[in-house]
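Undergrad: Contents of work17.pdb (PDB, C-alpha atoms (C1' of nucleotides)):
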```
ATOM      1  CA  MET A 219     -11.520 -23.298 -31.906
ATOM      2  CA  ARG A 220      -8.065 -24.723 -32.402
ATOM      3  CA  ALA A 221      -9.590 -27.518 -34.504
ATOM      4  CA  MET A 222     -11.063 -30.651 -33.015
ATOM      5  CA  SER A 223      -8.891 -31.564 -30.160
ATOM      6  CA  THR A 224      -9.602 -35.282 -30.130
ATOM      7  CA  ALA A 225      -7.930 -35.612 -33.510
ATOM      8  CA  GLN A 226      -4.569 -37.138 -32.863
ATOM      9  CA  SER A 227      -3.559 -37.383 -36.523
ATOM     10  CA  PRO A 228      -2.451 -34.272 -38.409
ATOM     11  CA  PRO A 229      -4.357 -33.662 -41.640
ATOM     12  CA  SER A 230      -1.471 -34.643 -43.885
ATOM     13  CA  PRO A 231       1.754 -36.656 -43.706
ATOM     14  CA  SER A 232       3.696 -33.492 -44.445
ATOM     15  CA  VAL A 233       4.957 -31.854 -41.309
ATOM     16  CA  PRO A 234       4.286 -35.049 -39.383
ATOM     17  CA  THR A 235       4.438 -33.642 -35.899
ATOM     18  CA  GLY A 236       5.522 -30.140 -36.714
ATOM     19  CA  PRO A 237       8.557 -28.313 -35.398
ATOM     20  CA  ARG A 238       6.717 -28.100 -32.093
ATOM     21  CA  GLU A 239       8.027 -24.688 -31.079
ATOM     22  CA  VAL A 240       6.274 -24.733 -27.743
ATOM     23  CA  ALA A 241       5.129 -28.127 -26.634
ATOM     24  CA  PRO A 242       1.919 -29.872 -27.352
ATOM     25  CA  VAL A 243       0.429 -29.494 -23.913
ATOM     26  CA  ALA A 244      -1.790 -26.586 -23.094
ATOM     27  CA  HIS A 245      -0.451 -26.191 -19.593
ATOM     28  CA  ARG A 246       3.095 -24.995 -19.896
ATOM     29  CA  ALA A 247       5.392 -24.394 -16.989
ATOM     30  CA  PRO A 248       8.957 -23.058 -17.203
ATOM     31  CA  GLU A 249      11.944 -25.291 -16.548
ATOM     32  CA  ARG A 250      13.911 -24.461 -13.455
ATOM     33  CA  ASP A 251      16.471 -22.384 -15.303
ATOM     34  CA  GLU A 252      13.744 -20.454 -17.078
ATOM     35  CA  ILE A 253      12.199 -19.160 -13.869
ATOM     36  CA  ARG A 254      12.786 -15.436 -13.438
ATOM     37  CA  ILE A 255      12.676 -13.611 -10.140
ATOM     38  CA  GLU A 256      10.637 -10.705 -11.530
ATOM     39  CA  THR A 257       7.919 -13.066 -12.693
ATOM     40  CA  VAL A 258       7.901 -14.966  -9.421
ATOM     41  CA  LEU A 259       7.600 -11.770  -7.390
ATOM     42  CA  GLN A 260       4.894 -10.518  -9.729
ATOM     43  CA  ALA A 261       3.005 -13.765  -9.194
ATOM     44  CA  LEU A 262       3.380 -13.700  -5.409
ATOM     45  CA  ALA A 263       2.420 -10.039  -5.153
ATOM     46  CA  ASP A 264      -1.298 -10.681  -5.607
ATOM     47  CA  PRO A 265      -3.241 -11.347  -2.377
ATOM     48  CA  VAL A 266      -5.317 -14.153  -3.870
ATOM     49  CA  ARG A 267      -2.300 -15.896  -5.346
ATOM     50  CA  LEU A 268      -0.327 -15.487  -2.140
ATOM     51  CA  GLU A 269      -3.204 -17.151  -0.332
ATOM     52  CA  LEU A 270      -3.128 -20.036  -2.801
ATOM     53  CA  VAL A 271       0.583 -20.495  -2.129
ATOM     54  CA  ARG A 272      -0.036 -20.335   1.615
ATOM     55  CA  GLN A 273      -2.677 -23.040   1.411
ATOM     56  CA  LEU A 274      -0.424 -25.247  -0.706
ATOM     57  CA  ALA A 275       2.410 -24.796   1.786
ATOM     58  CA  ARG A 276       0.154 -25.410   4.763
ATOM     59  CA  GLU A 277      -1.285 -28.622   3.318
ATOM     60  CA  GLY A 278       2.090 -29.816   2.178
ATOM     61  CA  ARG A 279       0.612 -31.732  -0.735
ATOM     62  CA  PRO A 280      -0.812 -31.006  -4.186
ATOM     63  CA  LEU A 281      -4.324 -29.614  -4.213
ATOM     64  CA  MET A 282      -6.964 -29.782  -6.903
ATOM     65  CA  CYS A 283      -8.413 -26.470  -8.068
ATOM     66  CA  GLY A 284     -11.664 -27.009  -6.252
ATOM     67  CA  ALA A 285      -9.892 -27.555  -2.939
ATOM     68  CA  PHE A 286      -8.667 -23.994  -2.573
ATOM     69  CA  ASP A 287     -10.557 -21.737  -0.223
ATOM     70  CA  VAL A 288     -10.653 -18.352  -1.919
ATOM     71  CA  SER A 289     -13.558 -16.063  -2.698
ATOM     72  CA  VAL A 290     -13.179 -15.580  -6.423
ATOM     73  CA  SER A 291     -15.017 -17.095  -9.340
ATOM     74  CA  LYS A 292     -13.945 -20.303 -11.018
ATOM     75  CA  SER A 293     -12.503 -18.510 -14.006
ATOM     76  CA  THR A 294     -10.563 -16.102 -11.851
ATOM     77  CA  LEU A 295      -9.120 -19.011  -9.901
ATOM     78  CA  THR A 296      -8.009 -20.579 -13.161
ATOM     79  CA  HIS A 297      -6.403 -17.298 -14.126
ATOM     80  CA  HIS A 298      -4.454 -17.073 -10.870
ATOM     81  CA  LEU A 299      -3.316 -20.683 -11.000
ATOM     82  CA  ARG A 300      -2.145 -20.165 -14.544
ATOM     83  CA  THR A 301      -0.197 -17.068 -13.506
ATOM     84  CA  LEU A 302       1.462 -19.050 -10.722
ATOM     85  CA  ARG A 303       2.187 -21.931 -13.081
ATOM     86  CA  GLU A 304       3.667 -19.740 -15.808
ATOM     87  CA  ALA A 305       5.832 -18.018 -13.205
ATOM     88  CA  GLY A 306       7.131 -21.391 -12.071
ATOM     89  CA  VAL A 307       5.664 -21.186  -8.594
ATOM     90  CA  VAL A 308       3.361 -24.168  -9.012
ATOM     91  CA  ALA A 309       3.170 -27.134 -11.354
ATOM     92  CA  SER A 310      -0.037 -28.912 -12.281
ATOM     93  CA  ARG A 311      -0.856 -32.251 -13.818
ATOM     94  CA  PRO A 312      -4.206 -33.774 -14.713
ATOM     95  CA  ARG A 313      -5.612 -36.325 -12.312
ATOM     96  CA  GLY A 314      -8.678 -37.909 -13.791
ATOM     97  CA  THR A 315     -11.198 -35.168 -14.337
ATOM     98  CA  THR A 316      -9.440 -32.843 -11.911
ATOM     99  CA  ARG A 317      -6.010 -31.233 -11.822
ATOM    100  CA  LEU A 318      -3.429 -31.405  -9.076
ATOM    101  CA  ASN A 319      -1.455 -28.277  -8.282
ATOM    102  CA  ARG A 320       1.904 -28.673  -6.603
ATOM    103  CA  LEU A 321       4.106 -25.998  -5.025
ATOM    104  CA  ARG A 322       7.536 -26.057  -6.704
ATOM    105  CA  ARG A 323       9.413 -25.742  -3.419
ATOM    106  CA  ASP A 324      12.547 -27.508  -4.626
ATOM    107  CA  ASP A 325      13.015 -25.286  -7.656
ATOM    108  CA  LEU A 326      12.245 -22.072  -5.812
ATOM    109  CA  ASP A 327      14.527 -22.966  -2.902
ATOM    110  CA  ALA A 328      17.323 -23.835  -5.316
ATOM    111  CA  LEU A 329      17.010 -20.600  -7.278
ATOM    112  CA  PHE A 330      16.071 -18.167  -4.514
ATOM    113  CA  PRO A 331      17.076 -19.759  -1.202
ATOM    114  CA  GLY A 332      15.042 -18.340   1.627
ATOM    115  CA  LEU A 333      12.545 -16.463  -0.466
ATOM    116  CA  LEU A 334       9.608 -18.818  -0.024
ATOM    117  CA  ASN A 335      10.277 -19.336   3.667
ATOM    118  CA  GLY A 336      10.542 -15.611   4.160
ATOM    119  CA  VAL A 337       7.253 -15.006   2.395
ATOM    120  CA  LEU A 338       5.523 -17.740   4.366
ATOM    121  CA  ALA A 339       6.984 -16.455   7.636
ATOM    122  CA  ALA A 340       5.011 -13.238   7.296
ATOM    123  CA  ARG A 341       2.339 -12.895   9.915
ATOM    124  CA  ARG A 342      -1.172 -12.789   8.519
TER
ATOM    125  CA  MET B 972      -0.748  25.586  -3.837
ATOM    126  CA  ARG B 973      -0.958  24.443  -0.231
ATOM    127  CA  ALA B 974      -0.609  28.058   0.951
ATOM    128  CA  MET B 975       2.699  29.830   1.082
ATOM    129  CA  SER B 976       5.215  27.348   2.188
ATOM    130  CA  THR B 977       7.810  29.738   3.521
ATOM    131  CA  ALA B 978       5.589  30.526   6.485
ATOM    132  CA  GLN B 979       7.180  28.832   9.436
ATOM    133  CA  SER B 980       4.912  30.226  12.123
ATOM    134  CA  PRO B 981       1.408  28.835  12.650
ATOM    135  CA  PRO B 982      -1.307  31.499  12.489
ATOM    136  CA  SER B 983      -2.124  31.337  16.186
ATOM    137  CA  PRO B 984      -0.662  30.137  19.501
ATOM    138  CA  SER B 985      -3.591  27.746  19.880
ATOM    139  CA  VAL B 986      -2.738  24.193  18.864
ATOM    140  CA  PRO B 987       0.939  24.917  19.211
ATOM    141  CA  THR B 988       2.204  21.946  17.278
ATOM    142  CA  GLY B 989      -1.085  20.215  16.636
ATOM    143  CA  PRO B 990      -2.053  16.632  17.433
ATOM    144  CA  ARG B 991       0.181  15.617  14.553
ATOM    145  CA  GLU B 992      -1.886  12.663  13.389
ATOM    146  CA  VAL B 993       0.426  11.686  10.629
ATOM    147  CA  ALA B 994       3.809  13.298  11.281
ATOM    148  CA  PRO B 995       4.981  16.567   9.912
ATOM    149  CA  VAL B 996       7.284  15.132   7.291
ATOM    150  CA  ALA B 997       6.116  14.541   3.802
ATOM    151  CA  HIS B 998       8.053  11.327   3.439
ATOM    152  CA  ARG B 999       6.299   8.717   5.469
ATOM    153  CA  ALA B1000       7.546   5.198   5.951
ATOM    154  CA  PRO B1001       5.774   2.417   7.874
ATOM    155  CA  GLU B1002       7.034   1.238  11.221
ATOM    156  CA  ARG B1003       8.390  -2.280  11.279
ATOM    157  CA  ASP B1004       5.146  -3.798  12.494
ATOM    158  CA  GLU B1005       3.187  -1.963   9.819
ATOM    159  CA  ILE B1006       5.091  -3.538   6.952
ATOM    160  CA  ARG B1007       2.924  -5.999   5.025
ATOM    161  CA  ILE B1008       4.253  -8.805   2.881
ATOM    162  CA  GLU B1009       1.814  -8.109   0.026
ATOM    163  CA  THR B1010       3.017  -4.527  -0.235
ATOM    164  CA  VAL B1011       6.660  -5.543  -0.077
ATOM    165  CA  LEU B1012       6.206  -8.138  -2.821
ATOM    166  CA  GLN B1013       4.254  -5.634  -4.893
ATOM    167  CA  ALA B1014       7.120  -3.172  -4.511
ATOM    168  CA  LEU B1015       9.814  -5.706  -5.386
ATOM    169  CA  ALA B1016       7.888  -7.039  -8.365
ATOM    170  CA  ASP B1017       8.747  -4.121 -10.627
ATOM    171  CA  PRO B1018      11.990  -4.488 -12.632
ATOM    172  CA  VAL B1019      13.111  -0.906 -12.049
ATOM    173  CA  ARG B1020      12.464  -1.075  -8.316
ATOM    174  CA  LEU B1021      14.168  -4.448  -8.051
ATOM    175  CA  GLU B1022      17.197  -2.897  -9.711
ATOM    176  CA  LEU B1023      17.166  -0.043  -7.199
ATOM    177  CA  VAL B1024      17.163  -2.576  -4.365
ATOM    178  CA  ARG B1025      19.976  -4.511  -6.024
ATOM    179  CA  GLN B1026      22.101  -1.385  -6.307
ATOM    180  CA  LEU B1027      21.443  -0.464  -2.686
ATOM    181  CA  ALA B1028      22.395  -3.962  -1.583
ATOM    182  CA  ARG B1029      25.499  -4.020  -3.762
ATOM    183  CA  GLU B1030      26.756  -0.672  -2.485
ATOM    184  CA  GLY B1031      25.935  -1.549   1.083
ATOM    185  CA  ARG B1032      25.298   2.076   1.986
ATOM    186  CA  PRO B1033      22.584   4.696   1.512
ATOM    187  CA  LEU B1034      22.429   6.258  -1.937
ATOM    188  CA  MET B1035      21.079   9.614  -3.002
ATOM    189  CA  CYS B1036      18.443   9.596  -5.726
ATOM    190  CA  GLY B1037      20.829  10.822  -8.356
ATOM    191  CA  ALA B1038      23.259   8.004  -7.690
ATOM    192  CA  PHE B1039      21.025   5.253  -9.021
ATOM    193  CA  ASP B1040      21.742   3.940 -12.479
ATOM    194  CA  VAL B1041      18.374   3.368 -14.077
ATOM    195  CA  SER B1042      16.962   4.547 -17.371
ATOM    196  CA  VAL B1043      13.805   6.303 -16.288
ATOM    197  CA  SER B1044      12.965   9.966 -15.877
ATOM    198  CA  LYS B1045      13.511  11.861 -12.648
ATOM    199  CA  SER B1046       9.846  11.868 -11.772
ATOM    200  CA  THR B1047       9.517   8.158 -12.424
ATOM    201  CA  LEU B1048      12.505   7.495 -10.189
ATOM    202  CA  THR B1049      10.833   9.518  -7.453
ATOM    203  CA  HIS B1050       7.685   7.461  -7.928
ATOM    204  CA  HIS B1051       9.569   4.172  -7.586
ATOM    205  CA  LEU B1052      11.498   5.300  -4.534
ATOM    206  CA  ARG B1053       8.298   6.415  -2.913
ATOM    207  CA  THR B1054       6.688   3.052  -3.637
ATOM    208  CA  LEU B1055       9.667   1.303  -2.029
ATOM    209  CA  ARG B1056       9.568   3.665   0.934
ATOM    210  CA  GLU B1057       5.835   3.302   1.531
ATOM    211  CA  ALA B1058       6.224  -0.466   1.339
ATOM    212  CA  GLY B1059       8.928  -0.322   3.993
ATOM    213  CA  VAL B1060      11.706  -1.584   1.748
ATOM    214  CA  VAL B1061      13.772   1.596   1.946
ATOM    215  CA  ALA B1062      13.951   4.569   4.264
ATOM    216  CA  SER B1063      15.074   8.016   3.217
ATOM    217  CA  ARG B1064      16.215  11.097   5.073
ATOM    218  CA  PRO B1065      17.236  14.504   3.765
ATOM    219  CA  ARG B1066      20.947  15.201   3.538
ATOM    220  CA  GLY B1067      21.535  18.806   2.651
ATOM    221  CA  THR B1068      19.904  19.386  -0.681
ATOM    222  CA  THR B1069      19.831  15.693  -1.521
ATOM    223  CA  ARG B1070      18.147  12.687   0.024
ATOM    224  CA  LEU B1071      19.756   9.476   1.233
ATOM    225  CA  ASN B1072      17.936   6.215   0.599
ATOM    226  CA  ARG B1073      18.721   3.269   2.834
ATOM    227  CA  LEU B1074      17.732  -0.372   2.417
ATOM    228  CA  ARG B1075      15.789  -1.523   5.495
ATOM    229  CA  ARG B1076      17.630  -4.817   5.729
ATOM    230  CA  ASP B1077      17.178  -5.208   9.485
ATOM    231  CA  ASP B1078      13.404  -4.784   9.404
ATOM    232  CA  LEU B1079      12.915  -6.973   6.355
ATOM    233  CA  ASP B1080      15.145  -9.724   7.723
ATOM    234  CA  ALA B1081      13.313  -9.623  11.035
ATOM    235  CA  LEU B1082       9.869  -9.834   9.432
ATOM    236  CA  PHE B1083      10.582 -12.094   6.468
ATOM    237  CA  PRO B1084      13.823 -13.926   7.184
ATOM    238  CA  GLY B1085      15.493 -15.041   3.983
ATOM    239  CA  LEU B1086      13.279 -13.112   1.619
ATOM    240  CA  LEU B1087      15.716 -10.374   0.711
ATOM    241  CA  ASN B1088      18.649 -12.743   0.436
ATOM    242  CA  GLY B1089      16.587 -15.043  -1.749
ATOM    243  CA  VAL B1090      15.605 -12.210  -4.032
ATOM    244  CA  LEU B1091      19.175 -10.947  -4.256
ATOM    245  CA  ALA B1092      20.483 -14.451  -4.914
ATOM    246  CA  ALA B1093      18.602 -14.576  -8.212
ATOM    247  CA  ARG B1094      20.913 -14.606 -11.185
ATOM    248  CA  ARG B1095      20.500 -11.577 -13.421
TER
ATOM    249  C1'  DA C 949     -24.426 -42.307 -26.447
ATOM    250  C1'  DC C 950     -25.404 -39.468 -22.683
ATOM    251  C1'  DC C 951     -24.734 -36.888 -18.509
ATOM    252  C1'  DG C 952     -22.358 -34.502 -14.816
ATOM    253  C1'  DT C 953     -18.330 -32.758 -12.860
ATOM    254  C1'  DA C 954     -14.107 -29.989 -13.267
ATOM    255  C1'  DC C 955     -11.679 -26.941 -15.291
ATOM    256  C1'  DT C 956     -10.466 -23.620 -19.310
ATOM    257  C1'  DT C 957     -11.080 -20.059 -22.733
ATOM    258  C1'  DC C 958     -13.175 -15.889 -24.436
ATOM    259  C1'  DG C 959     -14.522 -11.105 -24.410
ATOM    260  C1'  DA C 960     -15.703  -7.221 -21.732
ATOM    261  C1'  DT C 961     -15.001  -4.019 -18.013
ATOM    262  C1'  DG C 962     -13.190  -1.280 -14.452
ATOM    263  C1'  DA C 963      -9.089  -0.477 -11.711
ATOM    264  C1'  DT C 964      -4.391   0.052 -11.010
ATOM    265  C1'  DC C 965      -0.055   1.579 -12.485
ATOM    266  C1'  DA C 966       4.440   2.896 -14.993
ATOM    267  C1'  DT C 967       5.698   6.603 -17.576
ATOM    268  C1'  DC C 968       6.542  11.296 -18.867
ATOM    269  C1'  DG C 969       7.052  16.630 -19.036
ATOM    270  C1'  DA C 970       5.967  20.728 -16.764
ATOM    271  C1'  DA C 971       5.684  23.182 -12.841
ATOM    272  C1'  DG C 972       6.498  23.428  -7.756
ATOM    273  C1'  DT C 973       9.327  23.133  -3.371
ATOM    274  C1'  DG C 974      13.322  23.281  -0.530
ATOM    275  C1'  DT C 975      18.184  23.732   0.486
ATOM    276  C1'  DG C 976      22.757  25.629   0.396
ATOM    277  C1'  DA C 977      25.805  28.808  -1.680
ATOM    278  C1'  DA C 978      27.126  33.251  -3.857
TER
ATOM    279  C1'  DT D 184      17.934  37.758  -2.234
ATOM    280  C1'  DT D 185      19.067  35.416  -5.963
ATOM    281  C1'  DC D 186      20.571  31.405  -8.153
ATOM    282  C1'  DA D 187      21.407  26.571  -9.117
ATOM    283  C1'  DC D 188      20.715  22.036  -7.969
ATOM    284  C1'  DA D 189      17.970  18.007  -6.253
ATOM    285  C1'  DC D 190      14.023  16.204  -5.767
ATOM    286  C1'  DT D 191       8.687  16.204  -5.617
ATOM    287  C1'  DT D 192       4.009  16.906  -7.179
ATOM    288  C1'  DC D 193       0.544  17.219 -10.735
ATOM    289  C1'  DG D 194      -2.156  15.743 -14.625
ATOM    290  C1'  DA D 195      -2.368  12.971 -18.640
ATOM    291  C1'  DT D 196      -1.742   8.722 -21.163
ATOM    292  C1'  DG D 197      -1.227   4.097 -22.498
ATOM    293  C1'  DA D 198      -0.598  -0.533 -20.734
ATOM    294  C1'  DT D 199      -1.407  -4.181 -17.772
ATOM    295  C1'  DC D 200      -4.389  -6.798 -15.026
ATOM    296  C1'  DA D 201      -8.052  -8.774 -11.721
ATOM    297  C1'  DT D 202     -12.584  -9.860 -12.234
ATOM    298  C1'  DC D 203     -16.701 -11.895 -14.026
ATOM    299  C1'  DG D 204     -20.332 -14.738 -16.763
ATOM    300  C1'  DA D 205     -21.025 -17.447 -20.674
ATOM    301  C1'  DA D 206     -19.606 -20.790 -23.548
ATOM    302  C1'  DG D 207     -16.245 -24.447 -24.544
ATOM    303  C1'  DT D 208     -13.434 -28.733 -23.585
ATOM    304  C1'  DA D 209     -12.176 -33.009 -21.308
ATOM    305  C1'  DC D 210     -12.834 -36.959 -18.597
ATOM    306  C1'  DG D 211     -15.190 -40.676 -16.035
ATOM    307  C1'  DG D 212     -19.302 -43.001 -15.130
ATOM    308  C1'  DT D 213     -23.998 -44.905 -16.352
TER
END
```
Written as structure tokens, how would this file's structure read?
TA:
Amino acid sequence: MRAMSTAQSPPSPSVPTGPREVAPVAHRAPERDEIRIETVLQALADPVRLELVRQLAREGRPLMCGAFDVSVSKSTLTHHLRTLREAGVVASRPRGTTRLNRLRRDDLDALFPGLLNGVLAARR
Amino acid sequence: MRAMSTAQSPPSPSVPTGPREVAPVAHRAPERDEIRIETVLQALADPVRLELVRQLAREGRPLMCGAFDVSVSKSTLTHHLRTLREAGVVASRPRGTTRLNRLRRDDLDALFPGLLNGVLAARR
DNA sequence: ACCGTACTTCGATGATCATCGAAGTGTGAA
DNA sequence: TTCACACTTCGATGATCATCGAAGTACGGT
């Protein structure tokens, strides 16, 4: 659904690109000033998602979806990464046929100094 | 239910005080080393509970249940305070006919340094 | 054009949870 | 003991959500 995606030309010259209320990309992430603490905490509160954040922090570099070591299905992993992305905890950009997920340390540290370090300091 | 409560004397001298597996008080809170980050984040993730923590931090002293300014029913407030208590975020002790709720800053700062400050630093 | 890999979307399902009112418990005071 | 106040427990309800498999989309290589 959502029409053929490969089409890059709108059906008619009217409304050339549209008002573009949200952004053309499917994978939206909030700007820094749009990140809300409730959403971030909600995102971090899930054990699987917390583990994803831990692995990103431990590796210290972006990871593709398939590189995470969690015991959930592919679709569930997508769901969790989307939750983290929409909360502003991670950002992701396509890399060939895969997708690189990056921990938004700078933004989180700027908005909630100490939060991420405190969470990561917790003993397993 | 739970038998007549007014009875203060156990039925028999055997098992004078009992092994007391869980503690005689109804309001249990985890010891410092029992506090888990997932539970704490889960507790902080709710908007009402986050507001309770904010008010406790702002006042800088224990507050009785009735002193919180939130727009939920009495029973819902009890539910949220219990969630915070069982997560280890607050501690509460009876004070006459009321109950004083205290933010467990020391324990949280020791376990997850920076977390609470980061959360409280978030702009409303 | 075709295939395979990598990820996403969809719809369903079971579990958890925030919410409430009503009824219960406990404490201090009259 | 009786009352009023402060809080808790209970049971119900609607909402959110983690989970999955199946089907869809996108991209790079052959």
Undergrad: Give me the residues of chain D that have any atom at most 12 Å from an atom of chain B; for each, the nearest atom pair and the distance in Å, rounded to one decimal. Use all atoms listed in the file, sort by chain and number, and format it as CSV.
TA:
```
residue,atom,partner,partner_atom,distance
D:DA187,C1',B:Thr1068,CA,11.2
D:DC188,C1',B:Thr1068,CA,7.8
D:DA189,C1',B:Thr1069,CA,5.6
D:DC190,C1',B:Thr1069,CA,7.2
D:DT191,C1',B:Thr1049,CA,7.3
D:DT192,C1',B:Ser1046,CA,9.0
D:DC193,C1',B:Ser1046,CA,10.8
```
Undergrad: Evaluate the PyMOL selection byres ((chain C) within 8 of (chain A)) against this structure - the residues, as a PyMOL selection string, please.
TA: chain C and resi 953-956
Undergrad: Report as number ranges by chain all protein, DNA and RNA residues lying within 10 Å of range 198-208 of chain D, evaluated on only C-alpha atoms (C1' of nucleotides), omitting residues in the same chain fewer than 4 positions from it.
TA: A: 219, 222-223, 264, 266, 290-294, 297-298; C: 955-966
Undergrad: The PyMOL selection byres ((chain A) within 10 of (chain B)) - which residues does that actually catch in the file I just gave you? List them as a PyMOL selection string.
TA: chain A and resi 251+253-265+268+326-342
Undergrad: Save the residues we just selected, C-alpha atoms, as a tab-separated table (two decimals), in the coordinates of the input?
TA:
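For reference, result.tsv as written:
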```tsv
chain	number	residue	atom	x	y	z
A	251	ASP	CA	16.47	-22.38	-15.30
A	253	ILE	CA	12.20	-19.16	-13.87
A	254	ARG	CA	12.79	-15.44	-13.44
A	255	ILE	CA	12.68	-13.61	-10.14
A	256	GLU	CA	10.64	-10.70	-11.53
A	257	THR	CA	7.92	-13.07	-12.69
A	258	VAL	CA	7.90	-14.97	-9.42
A	259	LEU	CA	7.60	-11.77	-7.39
A	260	GLN	CA	4.89	-10.52	-9.73
A	261	ALA	CA	3.00	-13.76	-9.19
A	262	LEU	CA	3.38	-13.70	-5.41
A	263	ALA	CA	2.42	-10.04	-5.15
A	264	ASP	CA	-1.30	-10.68	-5.61
A	265	PRO	CA	-3.24	-11.35	-2.38
A	268	LEU	CA	-0.33	-15.49	-2.14
A	326	LEU	CA	12.24	-22.07	-5.81
A	327	ASP	CA	14.53	-22.97	-2.90
A	328	ALA	CA	17.32	-23.84	-5.32
A	329	LEU	CA	17.01	-20.60	-7.28
A	330	PHE	CA	16.07	-18.17	-4.51
A	331	PRO	CA	17.08	-19.76	-1.20
A	332	GLY	CA	15.04	-18.34	1.63
A	333	LEU	CA	12.54	-16.46	-0.47
A	334	LEU	CA	9.61	-18.82	-0.02
A	335	ASN	CA	10.28	-19.34	3.67
A	336	GLY	CA	10.54	-15.61	4.16
A	337	VAL	CA	7.25	-15.01	2.40
A	338	LEU	CA	5.52	-17.74	4.37
A	339	ALA	CA	6.98	-16.45	7.64
A	340	ALA	CA	5.01	-13.24	7.30
A	341	ARG	CA	2.34	-12.90	9.91
A	342	ARG	CA	-1.17	-12.79	8.52
```
Undergrad: So how many Å separate CA of Ala305 in chain A and CA of Glu249 in chain A, to one decimal?
TA: 10.1 Å
Undergrad: Grab the CA of Leu270 in chain A to CA of Glu304 in chain A distance for me, in Å with one decimal place.
TA: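 About the pair CA of Leu270 in chain A and CA of Glu304 in chain A: they are 14.7 Å apart.
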Undergrad: Provide the CA of Glu277 in chain A to C1' of DA209 in chain D distance in Å, to one decimal place.
TA: 27.3 Å
Undergrad: Please work out which residues fall within 10 Å of (-20.9, -39.7, -24.0), coordinates as given in the file, with all atoms listed in the file counting, and return them as a PDB file with C-alpha atoms (C1' of nucleotides), keeping the file's coordinate frame.
TA:
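This went into part-v4.pdb:
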```pdb
ATOM      1  C1'  DA C 949     -24.426 -42.307 -26.447  1.00  0.00           C
ATOM      2  C1'  DC C 950     -25.404 -39.468 -22.683  1.00  0.00           C
ATOM      3  C1'  DC C 951     -24.734 -36.888 -18.509  1.00  0.00           C
TER       4       DC C 951
ATOM      5  C1'  DG D 211     -15.190 -40.676 -16.035  1.00  0.00           C
ATOM      6  C1'  DG D 212     -19.302 -43.001 -15.130  1.00  0.00           C
ATOM      7  C1'  DT D 213     -23.998 -44.905 -16.352  1.00  0.00           C
TER       8       DT D 213
END
```
Undergrad: Determine the residue membership of the PyMOL selection byres ((chain B and resi 1031) around 12) for the file above and supply it as a count of residues only.
TA: 15
